[in-house]
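Trainee: I am sharing entry-v4.cif, which consists of mmCIF, C-alpha atoms:
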data_entry
#
loop_
_atom_site.label_atom_id
_atom_site.label_comp_id
_atom_site.auth_asym_id
_atom_site.auth_seq_id
_atom_site.Cartn_x
_atom_site.Cartn_y
_atom_site.Cartn_z
CA ILE A 1345 43.89 -7.48 -9.29
CA THR A 1346 43.22 -6.99 -13.02
CA PHE A 1347 45.00 -5.15 -15.82
CA ASP A 1348 44.45 -1.88 -17.66
CA ALA A 1349 44.81 -1.19 -21.39
CA SER A 1350 48.58 -0.82 -21.03
CA GLY A 1351 48.91 -4.17 -19.34
CA ASP A 1352 49.65 -2.70 -15.95
CA PRO A 1353 48.04 -4.26 -12.86
CA VAL A 1354 45.03 -2.39 -11.44
CA ALA A 1355 43.23 -3.03 -8.15
CA VAL A 1356 39.47 -3.37 -8.42
CA GLY A 1357 37.32 -2.72 -5.34
CA PRO A 1358 35.29 -5.57 -3.86
CA GLY A 1359 31.92 -4.29 -5.03
CA THR A 1360 28.73 -5.04 -3.11
CA ASP A 1361 26.65 -8.13 -2.42
CA GLY A 1362 25.20 -9.62 -5.60
CA GLN A 1363 27.45 -7.75 -8.04
CA VAL A 1364 29.63 -9.52 -10.61
CA LEU A 1365 32.87 -8.52 -12.34
CA THR A 1366 31.89 -7.07 -15.71
CA SER A 1367 33.84 -5.85 -18.72
CA THR A 1368 33.51 -2.09 -19.26
CA GLY A 1369 34.82 -2.23 -22.81
CA ALA A 1370 38.18 -2.01 -24.56
CA GLY A 1371 40.71 0.30 -22.94
CA SER A 1372 39.35 0.24 -19.40
CA PRO A 1373 39.56 -2.21 -16.51
CA PRO A 1374 36.53 -4.31 -15.51
CA ALA A 1375 34.25 -3.23 -12.70
CA PHE A 1376 31.79 -4.82 -10.31
CA GLU A 1377 28.22 -4.17 -11.50
CA ALA A 1378 24.76 -5.56 -10.89
CA ALA A 1379 24.32 -9.04 -12.31
CA GLY A 1380 22.35 -9.18 -15.52
CA GLY A 1381 18.92 -10.71 -15.05
CA GLY A 1382 16.28 -12.19 -17.27
CA ASP A 1383 13.42 -10.27 -18.83
CA TYR A 1384 11.02 -11.21 -16.03
CA VAL A 1385 11.21 -9.59 -12.61
CA LEU A 1386 9.17 -10.94 -9.69
CA LEU A 1387 7.26 -7.98 -8.24
CA TYR A 1388 4.74 -9.39 -5.79
CA THR A 1389 3.13 -12.57 -4.45
CA HIS A 1390 -0.42 -12.97 -3.13
CA ASN A 1391 -0.89 -16.09 -1.02
CA ALA A 1392 -3.40 -15.14 1.71
CA SER A 1393 -7.11 -15.90 1.46
CA ALA A 1394 -9.01 -12.70 0.65
CA ALA A 1395 -12.07 -11.38 -1.15
CA THR A 1396 -9.81 -9.92 -3.88
CA TRP A 1397 -6.16 -9.87 -4.90
CA THR A 1398 -5.09 -6.45 -6.18
CA PHE A 1399 -1.97 -5.59 -8.14
CA ASN A 1400 -1.14 -1.86 -8.38
CA SER A 1401 1.70 0.54 -7.55
CA SER A 1402 1.81 -0.66 -3.93
CA THR A 1403 2.64 -4.18 -5.18
CA GLY A 1404 5.26 -3.16 -7.74
CA VAL A 1405 3.29 -2.12 -10.83
CA ALA A 1406 5.42 0.47 -12.65
CA ILE A 1407 3.91 1.29 -16.02
CA ALA A 1408 6.93 3.36 -17.12
CA THR A 1409 9.29 0.44 -16.37
CA TYR A 1410 7.53 -2.66 -17.64
CA GLY A 1411 5.86 -3.15 -20.98
CA ALA A 1412 3.78 -6.09 -19.79
CA TYR A 1413 2.88 -8.11 -16.73
CA VAL A 1414 2.65 -11.86 -16.27
CA PHE A 1415 0.47 -13.36 -13.55
CA VAL A 1416 1.39 -16.92 -12.58
CA LEU A 1417 -1.31 -18.88 -10.76
CA ALA A 1418 -0.27 -21.85 -8.64
CA THR A 1419 -3.13 -23.90 -7.16
CA VAL A 1420 -5.57 -21.02 -6.81
CA PHE A 1421 -8.75 -22.04 -4.98
CA ASN A 1422 -12.23 -20.70 -4.53
CA VAL A 1423 -14.09 -21.15 -1.25
CA SER A 1424 -17.29 -22.31 -2.94
CA ASN A 1425 -17.65 -24.89 -5.69
CA ASP A 1426 -18.62 -23.69 -9.16
CA ALA A 1427 -17.07 -20.20 -8.84
CA ARG A 1428 -15.19 -18.64 -11.74
CA LEU A 1429 -11.96 -16.65 -11.72
CA GLN A 1430 -12.62 -13.08 -12.84
CA ILE A 1431 -10.56 -9.95 -13.56
CA GLU A 1432 -11.28 -6.23 -13.31
CA VAL A 1433 -9.02 -3.34 -14.26
CA SER A 1434 -8.43 0.26 -13.19
CA ASP A 1435 -6.84 3.34 -14.73
CA ASP A 1436 -6.35 5.21 -11.42
CA ASP A 1437 -4.17 2.74 -9.48
CA GLY A 1438 -7.16 0.90 -8.05
CA SER A 1439 -9.07 3.84 -6.58
CA THR A 1440 -11.99 2.84 -8.79
CA TRP A 1441 -12.58 -0.28 -10.88
CA GLU A 1442 -14.15 -0.32 -14.32
CA SER A 1443 -17.55 -2.02 -14.32
CA THR A 1444 -18.34 -1.91 -18.06
CA GLY A 1445 -16.62 -2.35 -21.39
CA TYR A 1446 -15.12 -5.82 -20.97
CA GLN A 1447 -15.04 -8.27 -23.88
CA TYR A 1448 -13.60 -11.77 -23.72
CA TRP A 1449 -13.70 -15.28 -25.10
CA ASN A 1450 -12.34 -18.58 -23.82
CA GLN A 1451 -12.38 -22.16 -24.98
CA SER A 1452 -11.78 -25.33 -22.99
CA ILE A 1453 -11.07 -28.94 -23.80
CA ASP A 1454 -11.52 -31.65 -21.19
CA GLN A 1455 -9.94 -35.07 -20.67
CA ASP A 1456 -12.57 -36.68 -22.91
CA GLY A 1457 -12.02 -34.25 -25.78
CA THR A 1458 -15.19 -32.24 -25.18
CA VAL A 1459 -14.80 -28.59 -26.24
CA GLU A 1460 -16.69 -25.71 -24.64
CA THR A 1461 -16.74 -22.02 -25.55
CA HIS A 1462 -17.73 -19.03 -23.43
CA LEU A 1463 -17.68 -15.42 -24.56
CA SER A 1464 -19.14 -11.98 -23.95
CA THR A 1465 -19.03 -8.79 -26.00
CA SER A 1466 -20.07 -6.57 -23.07
CA ASP A 1467 -19.60 -7.57 -19.45
CA SER A 1468 -18.82 -6.16 -16.00
CA GLU A 1469 -15.60 -8.23 -15.71
CA ILE A 1470 -13.50 -10.75 -17.59
CA GLN A 1471 -14.18 -14.40 -16.78
CA VAL A 1472 -11.18 -16.66 -17.32
CA THR A 1473 -12.78 -20.13 -17.46
CA THR A 1474 -15.71 -21.53 -19.41
CA GLY A 1475 -17.32 -22.72 -16.19
CA GLY A 1476 -16.89 -22.89 -12.42
CA PHE A 1477 -14.05 -24.95 -10.96
CA ARG A 1478 -13.92 -27.14 -7.86
CA SER A 1479 -12.94 -25.74 -4.48
CA ALA A 1480 -11.50 -28.92 -2.94
CA THR A 1481 -7.76 -28.59 -2.30
CA ALA A 1482 -7.31 -32.26 -3.20
CA GLN A 1483 -8.28 -31.46 -6.78
CA GLY A 1484 -5.28 -29.20 -7.40
CA GLY A 1485 -7.04 -25.87 -7.79
CA LEU A 1486 -6.52 -23.67 -10.86
CA SER A 1487 -3.03 -23.11 -12.27
CA GLY A 1488 -1.65 -21.32 -15.31
CA THR A 1489 -0.48 -17.97 -16.65
CA ILE A 1490 -2.12 -14.71 -17.67
CA PHE A 1491 -0.22 -12.24 -19.87
CA ALA A 1492 -1.18 -8.55 -19.78
CA PRO A 1493 0.67 -6.22 -22.17
CA HIS A 1494 0.44 -2.49 -21.48
CA ASN A 1495 -0.07 -0.06 -24.34
CA GLY A 1496 0.84 3.00 -22.25
CA SER A 1497 -2.10 5.17 -23.29
CA GLU A 1498 -5.81 5.25 -23.95
CA SER A 1499 -5.27 5.45 -27.70
CA GLY A 1500 -5.14 1.68 -28.16
CA LYS A 1501 -6.98 -1.23 -26.63
CA SER A 1502 -5.35 -3.37 -23.94
CA PHE A 1503 -5.55 -7.14 -24.23
CA MET A 1504 -4.94 -10.08 -21.94
CA THR A 1505 -4.32 -13.68 -22.94
CA TRP A 1506 -4.23 -16.79 -20.75
CA MET A 1507 -3.95 -20.53 -20.44
CA VAL A 1508 -5.07 -22.27 -17.25
CA SER A 1509 -5.95 -25.79 -16.11
CA CYS A 1510 -8.34 -26.95 -13.39
CA GLN A 1511 -11.00 -29.50 -12.47
CA MET A 1512 -14.40 -28.18 -13.43
CA ASN A 1513 -17.25 -28.49 -10.96
CA SER A 1514 -19.65 -29.77 -13.57
CA GLY A 1515 -18.84 -33.45 -14.26
CA TYR A 1516 -15.51 -33.16 -12.37
CA ASP A 1517 -13.60 -33.24 -15.65
CA TYR A 1518 -10.09 -31.79 -15.84
CA MET A 1519 -9.95 -29.02 -18.41
CA THR A 1520 -7.42 -26.72 -20.01
CA THR A 1521 -8.72 -23.29 -20.97
CA TRP A 1522 -7.19 -20.67 -23.23
CA GLY A 1523 -8.62 -17.31 -24.12
CA GLY A 1524 -8.29 -13.58 -24.39
CA GLY A 1525 -9.88 -10.44 -23.01
CA GLU A 1526 -10.11 -6.86 -24.16
CA PHE A 1527 -10.60 -3.63 -22.24
CA ASN A 1528 -12.62 -1.02 -24.08
CA ASN A 1529 -10.22 1.94 -24.32
CA ALA A 1530 -13.11 4.41 -24.30
CA VAL A 1531 -13.45 4.06 -20.52
CA PHE A 1532 -9.79 4.85 -19.72
CA ASP A 1533 -7.98 8.03 -18.85
CA ALA A 1534 -4.62 8.86 -20.44
CA GLY A 1535 -2.07 6.26 -19.39
CA GLY A 1536 -4.31 3.23 -19.77
CA VAL A 1537 -4.58 0.29 -17.37
CA ASP A 1538 -2.40 0.55 -14.25
CA ALA A 1539 -4.03 -1.94 -11.85
CA TRP A 1540 -5.63 -5.40 -11.93
CA ARG A 1541 -7.98 -7.04 -9.44
CA PHE A 1542 -8.61 -10.80 -9.29
CA SER A 1543 -11.47 -12.52 -7.49
CA VAL A 1544 -13.83 -15.47 -7.74
CA THR A 1545 -17.55 -15.13 -8.30
CA THR A 1546 -18.42 -16.59 -4.87
CA GLY A 1547 -16.42 -16.34 -1.64
CA ASN A 1548 -12.71 -15.73 -1.08
CA ILE A 1549 -9.83 -16.46 -3.42
CA SER A 1550 -6.86 -18.37 -1.98
CA GLY A 1551 -3.71 -20.18 -3.09
CA THR A 1552 -0.77 -18.41 -4.73
CA MET A 1553 -0.50 -15.83 -7.51
CA LYS A 1554 2.77 -14.15 -8.51
CA MET A 1555 3.10 -11.01 -10.63
CA TYR A 1556 6.16 -10.55 -12.85
CA GLY A 1557 7.12 -7.42 -14.74
CA TYR A 1558 8.32 -7.97 -18.30
CA LYS A 1559 10.83 -5.54 -19.82
#
When written as structure tokens, how does the structure in this file appear?
Mentor:
Amino acid sequence: ITFDASGDPVAVGPGTDGQVLTSTGAGSPPAFEAAGGGDYVLLYTHNASAATWTFNSSTGVAIATYGAYVFVLATVFNVSNDARLQIEVSDDDGSTWESTGYQYWNQSIDQDGTVETHLSTSDSEIQVTTGGFRSATAQGGLSGTIFAPHNGSESGKSFMTWMVSCQMNSGYDYMTTWGGGEFNNAVFDAGGVDAWRFSVTTGNISGTMKMYGYK
């Protein structure tokens, strides 16, 4: 029971599972509506060992709904030591994957303060780390976040930024890497990037990666 604008009691229906009682403004009784959420919506989780992990419309990508996507990596592993995490993109929902036009840079600092830089102005994929990371599960894998805004067309370039941590295969040092990548808009159809594919340079990728849509 609630009250209307005149102060008279009004019965409000029970609503459905997950709804909350919400004000509908001055002069009208409240109503049960969907609970307000945060800006991030979990769309899909990859956690099975595979040659690639693909995110497209079948896993929740909705370009018209979300302005950006966030990929959260939790203990991602490579089958073989010294493999790198790499990213490819598509403009046709993953039917074909772009093999040219990638530019990226990344920089790492290890536990001893040593800084390394890795970059390319023209590559067949984006490489996220400055070097290969260890495959042993005891070493914690690779964890971090990758942010991919969507420009909604081919008229502007699409960027990705990231920060990840892992144990590098060379010297076994623990490193934190940050960087950015750019997709050459000249290779895209109207609508821009609508799919991402993650893999490692050697063997299968495993662990957990979650994709969130950002409104």
Trainee: Restricting the calculation to only C-alpha atoms: of A:Thr1444, A:Thr1520, A:Gln1451, A:Gln1471, which residue gets closest to Leu1429 of chain A?
Mentor: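 Smallest distance to Leu1429 of chain A is found for A:Gln1471.
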Trainee: Could you give me, as a list in words, the residues within 9 Å of Trp1540 of chain A, counting all atoms listed in the file and dropping anything in the same chain fewer than 3 positions from it?
Mentor: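 Result of the neighbour search: Trp1397, Thr1398, Phe1399, Asn1400, Ile1431, Glu1432, Val1433, Ser1434, Asp1437, Gly1438, Trp1441 and Val1537 of chain A.
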Trainee: Since we have the selection now, will you write its residues out, keeping C-alpha atoms, as a tab-separated table (two decimals), keeping the file's coordinate frame?
Mentor:
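The resulting file, result-v8.tsv, is shown below:
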chain	number	residue	atom	x	y	z
A	1397	TRP	CA	-6.16	-9.87	-4.90
A	1398	THR	CA	-5.09	-6.45	-6.18
A	1399	PHE	CA	-1.97	-5.59	-8.14
A	1400	ASN	CA	-1.14	-1.86	-8.38
A	1431	ILE	CA	-10.56	-9.95	-13.56
A	1432	GLU	CA	-11.28	-6.23	-13.31
A	1433	VAL	CA	-9.02	-3.34	-14.26
A	1434	SER	CA	-8.43	0.26	-13.19
A	1437	ASP	CA	-4.17	2.74	-9.48
A	1438	GLY	CA	-7.16	0.90	-8.05
A	1441	TRP	CA	-12.58	-0.28	-10.88
A	1537	VAL	CA	-4.58	0.29	-17.37
Trainee: Between A:His1390, A:His1494, A:Lys1554, A:Lys1559, which residue has the minimum interatomic distance to Gly1536 of chain A, considering only C-alpha atoms?
Mentor: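 Ranking A:His1390, A:His1494, A:Lys1554, A:Lys1559 by distance to Gly1536 of chain A, first place goes to A:His1494.
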Trainee: Measure the distance from atom CA of Thr1474 of chain A to atom CA of Ala1539 of chain A in Å and round it to one decimal.
Mentor: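 Interatomic distance, atom CA of Thr1474 of chain A to atom CA of Ala1539 of chain A: 24.0 Å.
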Trainee: To one decimal place, how far is atom CA of Asp1436 of chain A from atom CA of Thr1389 of chain A in Å?
Mentor: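 Computed distance, atom CA of Asp1436 of chain A to atom CA of Thr1389 of chain A, equals 21.3 Å.
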Trainee: Which distance in Å separates atom CA of Gly1524 of chain A and atom CA of Gln1511 of chain A, to one decimal?
Mentor: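 So the answer is 20.1 Å.
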Trainee: For the structure provided, state which residues fall under the PyMOL selection byres ((chain A and resi 1464) around 8), and present them as an mmCIF file with C-alpha atoms, keeping the file's coordinate frame.
Mentor:
data_model
loop_
_atom_site.group_PDB
_atom_site.id
_atom_site.type_symbol
_atom_site.label_atom_id
_atom_site.label_comp_id
_atom_site.auth_asym_id
_atom_site.auth_seq_id
_atom_site.Cartn_x
_atom_site.Cartn_y
_atom_site.Cartn_z
ATOM 1 C CA TYR A 1446 -15.120 -5.820 -20.970
ATOM 2 C CA GLN A 1447 -15.040 -8.270 -23.880
ATOM 3 C CA TYR A 1448 -13.600 -11.770 -23.720
ATOM 4 C CA TRP A 1449 -13.700 -15.280 -25.100
ATOM 5 C CA HIS A 1462 -17.730 -19.030 -23.430
ATOM 6 C CA LEU A 1463 -17.680 -15.420 -24.560
ATOM 7 C CA THR A 1465 -19.030 -8.790 -26.000
ATOM 8 C CA SER A 1466 -20.070 -6.570 -23.070
ATOM 9 C CA ASP A 1467 -19.600 -7.570 -19.450
#
Trainee: When the PyMOL selection byres ((chain A and resi 1550) around 7) is applied to the structure above, which residues does it catch, written out as a list of chain:residue names?
Mentor: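 Checked against the file, the PyMOL selection byres ((chain A and resi 1550) around 7) matches A:Asn1391, A:Ala1392, A:Ser1393, A:Ala1394, A:Val1420, A:Phe1421, A:Asn1422, A:Asn1548, A:Ile1549, A:Gly1551, A:Thr1552.
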Trainee: Within 10 Å of Gln1455 of chain A, counting all atoms listed in the file, which residues show up once you throw out same-chain ones fewer than 2 positions away? Write them as a PyMOL selection string, please.
Mentor: chain A and resi 1453+1457-1459+1511+1517-1520
Trainee: Please determine, counting all atoms listed in the file, which residue among A:Thr1489, A:Gly1523, A:Cys1510, A:Asp1426 has the shortest atom-to-atom distance to Gly1476 of chain A.
Mentor: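 Under the stated criterion, the closest residue is A:Asp1426.
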Trainee: Could you list the residues chosen by the PyMOL selection byres ((chain A and resi 1386) around 8) in this structure as a PyMOL selection string?
Mentor: chain A and resi 1384-1385+1387-1388+1554-1557
Trainee: Give the answer as one residue: which of A:Phe1477, A:Tyr1558, A:Phe1503, A:Phe1542 has the shortest atom-to-atom distance to Phe1527 of chain A, using all atoms listed in the file?
Mentor: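 Checking each candidate against Phe1527 of chain A, we get A:Phe1503 as the closest.
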Trainee: So that I can check the surroundings of segment 1347-1359 of chain A, please list as a PyMOL selection string every protein, DNA and RNA residue that reaches within 10 Å of it, counting only C-alpha atoms and ignoring chain neighbours fewer than 5 positions away.
Mentor: chain A and resi 1364-1365+1370-1378
Trainee: If I only have part of segment 1430-1451 of chain A, can you fill in N, CA and C atoms and write it as a compact mmCIF listing (two decimals), in the coordinates of the input?
Mentor:
# COMPACT_ATOMS: atom_id res chain seq x y z
N GLN A 1430 -12.28 -14.26 -12.06
CA GLN A 1430 -12.62 -13.08 -12.84
C GLN A 1430 -11.62 -11.96 -12.61
N ILE A 1431 -11.54 -11.03 -13.57
CA ILE A 1431 -10.56 -9.95 -13.56
C ILE A 1431 -11.26 -8.63 -13.83
N GLU A 1432 -10.86 -7.61 -13.05
CA GLU A 1432 -11.28 -6.23 -13.31
C GLU A 1432 -10.03 -5.37 -13.44
N VAL A 1433 -10.17 -4.22 -14.07
CA VAL A 1433 -9.02 -3.34 -14.26
C VAL A 1433 -9.35 -1.92 -13.82
N SER A 1434 -8.29 -1.13 -13.63
CA SER A 1434 -8.43 0.26 -13.19
C SER A 1434 -7.44 1.12 -13.97
N ASP A 1435 -7.77 2.40 -14.12
CA ASP A 1435 -6.84 3.34 -14.73
C ASP A 1435 -6.42 4.43 -13.74
N ASP A 1436 -6.75 4.24 -12.44
CA ASP A 1436 -6.35 5.21 -11.42
C ASP A 1436 -5.73 4.51 -10.21
N ASP A 1437 -4.92 3.46 -10.50
CA ASP A 1437 -4.17 2.74 -9.48
C ASP A 1437 -5.07 2.00 -8.49
N GLY A 1438 -6.28 1.68 -8.90
CA GLY A 1438 -7.16 0.90 -8.05
C GLY A 1438 -8.10 1.71 -7.18
N SER A 1439 -8.12 3.03 -7.34
CA SER A 1439 -9.07 3.84 -6.58
C SER A 1439 -10.50 3.51 -6.98
N THR A 1440 -10.70 3.30 -8.27
CA THR A 1440 -11.99 2.84 -8.79
C THR A 1440 -11.73 1.74 -9.80
N TRP A 1441 -12.71 0.85 -9.97
CA TRP A 1441 -12.58 -0.28 -10.88
C TRP A 1441 -13.63 -0.19 -11.96
N GLU A 1442 -13.22 -0.40 -13.20
CA GLU A 1442 -14.15 -0.32 -14.32
C GLU A 1442 -15.19 -1.42 -14.22
N SER A 1443 -16.45 -1.07 -14.45
CA SER A 1443 -17.55 -2.02 -14.32
C SER A 1443 -18.27 -2.27 -15.65
N THR A 1444 -17.75 -1.69 -16.73
CA THR A 1444 -18.34 -1.91 -18.06
C THR A 1444 -17.21 -2.00 -19.08
N GLY A 1445 -17.57 -2.40 -20.28
CA GLY A 1445 -16.62 -2.35 -21.39
C GLY A 1445 -15.69 -3.53 -21.53
N TYR A 1446 -15.97 -4.64 -20.86
CA TYR A 1446 -15.12 -5.82 -20.97
C TYR A 1446 -15.64 -6.75 -22.07
N GLN A 1447 -14.71 -7.26 -22.87
CA GLN A 1447 -15.04 -8.27 -23.88
C GLN A 1447 -14.05 -9.41 -23.73
N TYR A 1448 -14.51 -10.64 -23.88
CA TYR A 1448 -13.60 -11.77 -23.72
C TYR A 1448 -14.17 -13.00 -24.40
N TRP A 1449 -13.28 -13.95 -24.64
CA TRP A 1449 -13.70 -15.28 -25.10
C TRP A 1449 -12.74 -16.30 -24.48
N ASN A 1450 -13.22 -17.49 -24.23
CA ASN A 1450 -12.34 -18.58 -23.82
C ASN A 1450 -12.90 -19.91 -24.31
N GLN A 1451 -12.01 -20.84 -24.48
CA GLN A 1451 -12.38 -22.16 -24.98
C GLN A 1451 -11.65 -23.21 -24.15
